[in-house]
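Undergrad: Let me begin by handing over the structure; questions about it come next.
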Amino acid sequence: MQRIGVFVCHCGSNIAATVDVSKVAELALMEPGVVHAEDYQYMCSEAGQAKIAAAIQEKNLTGIVVCSCSPRMHEATFRKAAERAGLNPYMVEIANIREHCSWIHKDIEEATKKAVILMRAAVAKVNLNTPLQAGESRVTKRALVIGGGIAGIQTALDIADAGYEVDIVEKTPSIGGRMSQLDKTFPTLDCLGIKTFPTLDCSACILTPKMVEAAAHEKINIYTYSEVDKVSGFVGDFTVDIRKKARSVDMDKCTGCGVCQEKCPSKKSLNEFNRGLNNRSAIYTPFAQAIPNVPVIDRDACIKFKTGKCGICSKVCQAGAIDYEQKDEIITEKYGAIVVATGFDTIKLDKYDEYAYNQSKDVITSLELERVMNAAGPTHGHLERLSDGKAPKEIVFIQCVGSRCSDDRGKPYCSKICCMYTAKHAMLIRDKYPDVNVTVFYIDVRTPGKNFDEFYRRAVEQYGVNYIKGQVGKVIPQPNGKLLVQGADLLDNKQILKEADMVVLATAIEPNPDVRKIATMLTASIDTNNFLTEAHAKLRPVESPTAGIFLSGVCQGPKDIPETVAQAGAAAVKAIGLLAKDKLLTNPCTAQADVLLCNGCSTCENVCPYGAITYEDKEVNDHGIRETRRVAVVNNALCQGCGACTVACPSGAMDLQGFSNRQIIAEVDAICR
């Protein structure tokens, strides 16, 4: 029989306001094996942990139960406290009486009754617990960053500056991400004397030096036009297959002269970098500052690949860099840490026909406006209607298109950046084209960042942008080429009909479509909106629940560039902290097979997401009868204790140390009695 101590936390008033903690402690003394029970206001505090340590030593406790908050919060805290007192850390159980009781119940009697039941279940489990010893695994001193936008670049630079090798995998032909498509960023602070005011800065001027620095860094290796194909292994020792897609251009030979692009006769492919607003050639470099500055051949558009004819690019290339026979290459590397920085895209507008986006070329998205206003864009930086090239006189911006939606057409969340970039666009237009009238229809103006509200007020007060609180119901193309905007002014309680030359839609942002595939390969958690889920919103905001996987940028949630860069640095620090270790302690709560029950069916091997289970022929002594059987063998270094095998095993041979079938059944019995 164990000697168990039960410690009940008040959590200030979080638990004690709804749960009679003294009664829980009192009833704990009636449970089998419990020799000590007490309650304290803050059990996770230094004084609270000291009480636990003192009780372990004075009462010779062999196991403890802490009735407190979620084990996600403080299981590690109490395990370390027990270990310092000489108790095996895996003889500690947490009964979650905060989230499961006090936070969901109003009635103190009902909450207390449930808290007692959870305490009993934890005590029943501790009575069957056995001391476990963590193993060790080595750490590969190399990091992988998936995504080459500003988040991925900054993360890679920070890790590389700490002295560790970093690989960046970017699926497009160049690093740079969404920031490379922007014309200006908001807001930079300029200082004049003692006054500081928000202004705008060139996006390329900020990003390009970072791109160059990453490409030149001796510790950074960049795989562009590449994708992650497969991930296996575990924290500290991931094995990753990277598919380096065939560019059909030899990167070592190409000089980036651009002659092949000029001479290419196939120029009808939509330019993805310019959001499809103009065409590009079949062999192309995405943008002027691209890194690497090496073109790629779009085989779906190339005449040579479609018909076998042409080959002009090869003929005009003096460096002999064109290679039509080039094949995809699989590169396999080992990594200690993986950082996901897959970025975002804007939502598709197929479900928003009321805005006439697919009916009129003059209804564009904000990201398309960025390309229109960029000197390297489809109109060379001139603000003009895409339908006829004429200069607009009236421009209407529509906020929250697809954001904050109550229906299933869009996203329920605020995209966070739209209010600010709309103010930026309005200021840019009014500054460069003062004769253009700008109207913004909005639900709410959200400017929570430092000096952001001043930036918005500047658009209204200094630049004369007309903000109307209300939603637009419909945009109707007119025979004269104009756009009729039907909206509502909620402050003046009236309907508005306004003619516009251009309409700009502030579309919601969403995670890159590839993120779900990446999350599956990494066994990382993902929410209903496809954002990757952090381990804890407050305490571990850049870590995935899967050990060794870190989150950087908009893949985790909507954020602007400064916030993205800050999170990139935070993810880098976490990755560096992991890579700095020579060895890691492995989780001892791993699966084990009972060879007497195993029938060698391979079911557990097939369901194991970590590849931790193999089969071997072993000699088994079954009640005095020796025979050789095919049985399951678990690699404890690979096993992450997920329990999938224990559920799938048809013969009940697989069990999980620390969460055995006996322990789980004992908990259920304690709950039901």
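Naming works like this for the structure tokens: A, B, ... for the chains as they're shown, residue 1 at the start of each chain, ligands 1 onward in shown order.
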Quick one: residues within 9 Å of range 470-478 of chain A, only C-alpha atoms, excluding same-chain residues fewer than 6 positions away - as a list in words?

TA: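 With the cut-off at 9 Å, the set is Asp353, Glu354, Tyr355, Ala356, Tyr357, Gln359, Ser360, Val363, Ile398, Gln399, Cys400, Phe441, Tyr442, Ile443, Asp444, Leu484, Val485, Gln486, Gly487, Ala488, Asp489, Leu490, Leu491, Ile496 and Val503 of chain A.
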
Undergrad: Could you pull out the strand (DSSP E or B) residues of range 163-328 of chain A from DSSP and send them as an MDAnalysis selection string?

TA: chainID A and resid 165:169 184:192 195:202 220:223 226:234 237:244 249 269:270 279:280 283:284 296:297 322

Undergrad: Which residues, written as a short mmCIF file (atom, residue, chain, number, x, y, z; two decimals) with N, CA and C atoms, in the first residue's frame, have at least one atom at most 6 Å from Ala535 in chain A, with only C-alpha atoms counted and residues fewer than 3 positions away on the same chain left out?

TA:
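So out_0.cif came out as:
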data_model
loop_
_atom_site.label_atom_id
_atom_site.label_comp_id
_atom_site.auth_asym_id
_atom_site.auth_seq_id
_atom_site.Cartn_x
_atom_site.Cartn_y
_atom_site.Cartn_z
N ARG A 540 3.15 29.46 -22.94
CA ARG A 540 3.95 28.87 -24.02
C ARG A 540 3.36 29.28 -25.38
N GLU A 543 5.15 27.80 -28.71
CA GLU A 543 5.44 26.37 -28.75
C GLU A 543 4.19 25.59 -29.14
N SER A 544 4.38 24.60 -29.97
CA SER A 544 3.29 23.67 -30.28
C SER A 544 3.19 22.65 -29.15
N PRO A 545 2.01 22.06 -28.94
CA PRO A 545 1.91 20.97 -27.96
C PRO A 545 2.84 19.80 -28.30
#

Undergrad: Given only C-alpha atoms as the basis, pick out the residue of A:Glu58, A:Asp241, A:Glu46, A:Glu170 nearest to Thr77 in chain A.

TA: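 Looking at the shortest contact to Thr77 in chain A, the residue is A:Glu46.
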
Undergrad: Would you mind listing what lies within 10 Å of His10 in chain A as number ranges by chain, with only C-alpha atoms counted and same-chain residues fewer than 4 positions away left out?

TA: A: 14-22, 39-43, 67-69, 97-98

Undergrad: Would you please work out which residue, of A:Thr346, A:Thr533, A:Asn274, A:Asn127, is nearest to His380 in chain A when using only C-alpha atoms?

TA: A:Asn274

Undergrad: Quick one: pull the distance between CA of Lys517 in chain A and CA of Asp229 in chain A, Å, one decimal.

TA: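 One can read the CA of Lys517 in chain A to CA of Asp229 in chain A distance as 9.7 Å.
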